[in-house]
$ cat work_34.cif   # mmCIF, C-alpha atoms
data_data
#
loop_
_atom_site.label_atom_id
_atom_site.label_comp_id
_atom_site.auth_asym_id
_atom_site.auth_seq_id
_atom_site.Cartn_x
_atom_site.Cartn_y
_atom_site.Cartn_z
CA MET A 1 73.85 137.34 106.96
CA SER A 2 73.47 135.45 110.20
CA LYS A 3 75.61 132.53 111.27
CA THR A 4 72.55 130.27 110.93
CA ASN A 5 72.10 131.20 107.28
CA ASP A 6 75.82 130.76 106.57
CA SER A 7 75.70 127.36 108.22
CA ASN A 8 72.60 126.29 106.27
CA GLU A 9 74.16 127.39 102.98
CA ALA A 10 77.31 125.40 103.71
CA LEU A 11 75.27 122.28 104.55
CA ALA A 12 73.13 122.57 101.42
CA GLY A 13 76.04 121.30 99.30
CA THR A 14 76.94 118.40 101.57
CA VAL A 15 75.66 114.85 101.80
CA SER A 16 75.37 112.61 104.81
CA ILE A 17 78.10 110.08 105.49
CA LEU A 18 75.62 107.32 104.63
CA GLN A 19 74.87 108.94 101.27
CA ALA A 20 78.58 109.42 100.60
CA PHE A 21 79.42 105.81 101.48
CA THR A 22 76.54 104.50 99.36
CA SER A 23 77.50 106.65 96.36
CA ALA A 24 81.15 105.63 96.64
CA GLY A 25 80.29 101.91 96.67
CA MET A 26 81.64 101.35 100.18
CA PHE A 27 79.05 98.72 101.10
CA ALA A 28 79.37 95.09 100.05
CA ALA A 29 77.63 94.60 96.74
CA LYS A 30 74.35 92.72 96.86
CA ASP A 31 74.89 91.26 93.40
CA VAL A 32 77.54 88.76 92.38
CA GLN A 33 80.49 89.59 90.15
CA PRO A 34 81.86 87.36 87.37
CA ASP A 35 85.43 86.16 87.34
CA THR A 36 87.47 83.41 85.72
CA ILE A 37 90.22 81.01 86.61
CA GLU A 38 92.62 79.36 84.21
CA LEU A 39 92.55 75.57 84.32
CA PRO A 40 95.67 73.40 83.88
CA ASP A 41 94.78 72.72 80.22
CA GLY A 42 94.70 76.47 79.50
CA THR A 43 90.93 76.85 79.28
CA LYS A 44 89.18 79.38 81.46
CA ALA A 45 86.31 78.52 83.77
CA GLU A 46 83.84 81.26 84.63
CA PHE A 47 82.23 81.54 88.03
CA PHE A 48 80.84 84.28 90.24
CA VAL A 49 81.99 85.85 93.49
CA ARG A 50 79.72 87.04 96.26
CA ALA A 51 81.12 90.04 98.11
CA LEU A 52 81.02 89.60 101.86
CA PRO A 53 80.13 92.36 104.29
CA ASP A 54 82.89 93.17 106.76
CA THR A 55 81.40 91.27 109.70
CA GLU A 56 81.09 88.03 107.73
CA PHE A 57 84.50 88.47 106.08
CA ARG A 58 86.29 89.04 109.40
CA GLN A 59 84.53 86.07 110.97
CA LEU A 60 85.64 83.76 108.15
CA TRP A 61 89.13 85.29 107.93
CA SER A 62 89.67 84.84 111.66
CA THR A 63 89.20 81.09 111.33
CA ALA A 64 92.22 80.95 108.98
CA ASP A 65 90.24 78.33 107.07
CA ARG A 66 90.63 79.10 103.38
CA ALA A 67 88.05 76.46 102.46
CA LYS A 68 85.34 78.26 104.45
CA LEU A 69 86.17 81.56 102.76
CA ILE A 70 86.11 79.98 99.29
CA ALA A 71 82.86 78.10 99.93
CA ALA A 72 81.16 81.26 101.23
CA THR A 73 82.09 83.42 98.26
CA ILE A 74 82.44 81.32 95.09
CA CYS A 75 78.96 80.93 93.65
CA ASP A 76 76.82 80.65 90.55
CA GLU A 77 75.09 83.52 88.77
CA SER A 78 72.19 83.47 91.24
CA GLY A 79 74.52 83.67 94.27
CA LYS A 80 74.13 80.00 95.25
CA ARG A 81 77.26 78.34 96.61
CA VAL A 82 78.90 75.94 94.16
CA LEU A 83 81.27 74.28 96.63
CA THR A 84 80.75 72.96 100.12
CA GLU A 85 83.43 73.67 102.70
CA LYS A 86 84.51 70.02 102.41
CA GLN A 87 84.83 70.27 98.61
CA ALA A 88 86.72 73.56 98.86
CA GLY A 89 89.08 71.92 101.37
CA GLU A 90 89.82 69.14 98.90
CA LEU A 91 91.06 71.47 96.16
CA LYS A 92 94.71 71.37 95.23
CA PRO A 93 96.66 74.02 97.17
CA LYS A 94 97.53 76.02 94.05
CA VAL A 95 93.87 76.13 92.96
CA ALA A 96 92.73 77.09 96.46
CA ALA A 97 95.37 79.84 96.60
CA SER A 98 94.20 81.18 93.22
CA LEU A 99 90.58 81.23 94.39
CA GLN A 100 91.60 82.90 97.65
CA ALA A 101 93.39 85.61 95.67
CA ILE A 102 90.23 86.18 93.62
CA VAL A 103 88.11 86.33 96.78
CA LEU A 104 90.48 88.90 98.29
CA LYS A 105 90.43 90.92 95.08
CA HIS A 106 86.63 91.14 95.23
CA ALA A 107 86.87 92.02 98.94
CA GLY A 108 89.04 95.00 97.98
CA PHE A 109 92.54 93.84 98.89
CA GLY A 110 95.65 94.12 96.73
CA SER A 111 96.61 95.64 93.40
CA ASP A 112 94.11 93.44 91.53
CA ALA A 113 91.37 95.01 93.65
CA ASP A 114 92.62 98.48 92.69
CA ALA A 115 92.35 97.54 89.01
CA LEU A 116 88.87 96.07 89.56
CA ARG A 117 87.71 99.31 91.26
CA GLU A 118 89.11 101.41 88.41
CA GLU A 119 87.39 99.18 85.86
CA ALA A 120 84.10 99.68 87.69
CA GLY A 121 84.65 103.45 87.81
CA ASN A 122 85.36 103.56 91.54
CA GLY A 123 89.11 104.15 91.24
#

$ encode --input "work_34.cif" --output "structure tokens"
Amino acid sequence: MSKTNDSNEALAGTVSILQAFTSAGMFAAKDVQPDTIELPDGTKAEFFVRALPDTEFRQLWSTADRAKLIAATICDESGKRVLTEKQAGELKPKVAASLQAIVLKHAGFGSDADALREEAGNG
């Protein structure tokens, strides 16, 4: 067998990096994901989180403005923002911190993100 044939046979079982990244879920999801937050009275409020692509996430993260990050990602089922930046900035610090943790989880950071990936079958 020639080197060309050996090379072609080896490549036949491989996929492109783009195919591999797509199959592994390495691109920001186009759809929104549900999540909940516990309110002070113990009830849970459901909302949705829009995953940000890296460029948008880094831009928002670099501002160190938690309100901008929350406003850009917390949404309704159709992906429409539910809070303006001003409203997100007026949240109590503990609520804002909880929402930030949820945003980071959906962005893939922390142990909660690991559990979310496993739940989705991408562990």

$ closest_residue --input "work_34.cif" --among "A:Ile70, A:Ser23, A:Lys94, A:Arg58" --to "Leu39 of chain A" --atoms "only C-alpha atoms"
A:Lys94

$ resolve_selection --input "work_34.cif" --expression "the PyMOL selection byres ((chain A and resi 33) around 9)" --output "number ranges by chain"
A: 29, 31-32, 34-35, 47-51, 77, 106

$ residues_near_point --input "work_34.cif" --point "(77.4, 73.1, 102.1)" --cutoff "12 Å" --atoms "all atoms listed in the file" --output "ChimeraX atom specification"
/A:67-68,70-75,80-89

$ atom_distance --input "work_34.cif" --atom1 "atom CA of Lys105 of chain A" --atom2 "atom CA of Pro40 of chain A"
21.4 Å

$ resolve_selection --input "work_34.cif" --expression "the PyMOL selection byres ((chain A and resi 107) around 9)" --output "list in words"
Ala28, Ala51, Leu52, Pro53, Asp54, Phe57, Ile102, Val103, Leu104, Lys105, His106, Gly108, Phe109 and Ala113 of chain A

$ atom_distance --input "work_34.cif" --atom1 "atom CA of Leu91 of chain A" --atom2 "atom CA of Lys30 of chain A"
27.0 Å

$ resolve_selection --input "work_34.cif" --expression "the PyMOL selection byres ((chain A and resi 36) around 7)" --output "ChimeraX atom specification"
/A:35,37-38,44-47

$ atom_distance --input "work_34.cif" --atom1 "atom CA of Phe21 of chain A" --atom2 "atom CA of Glu56 of chain A"
18.9 Å
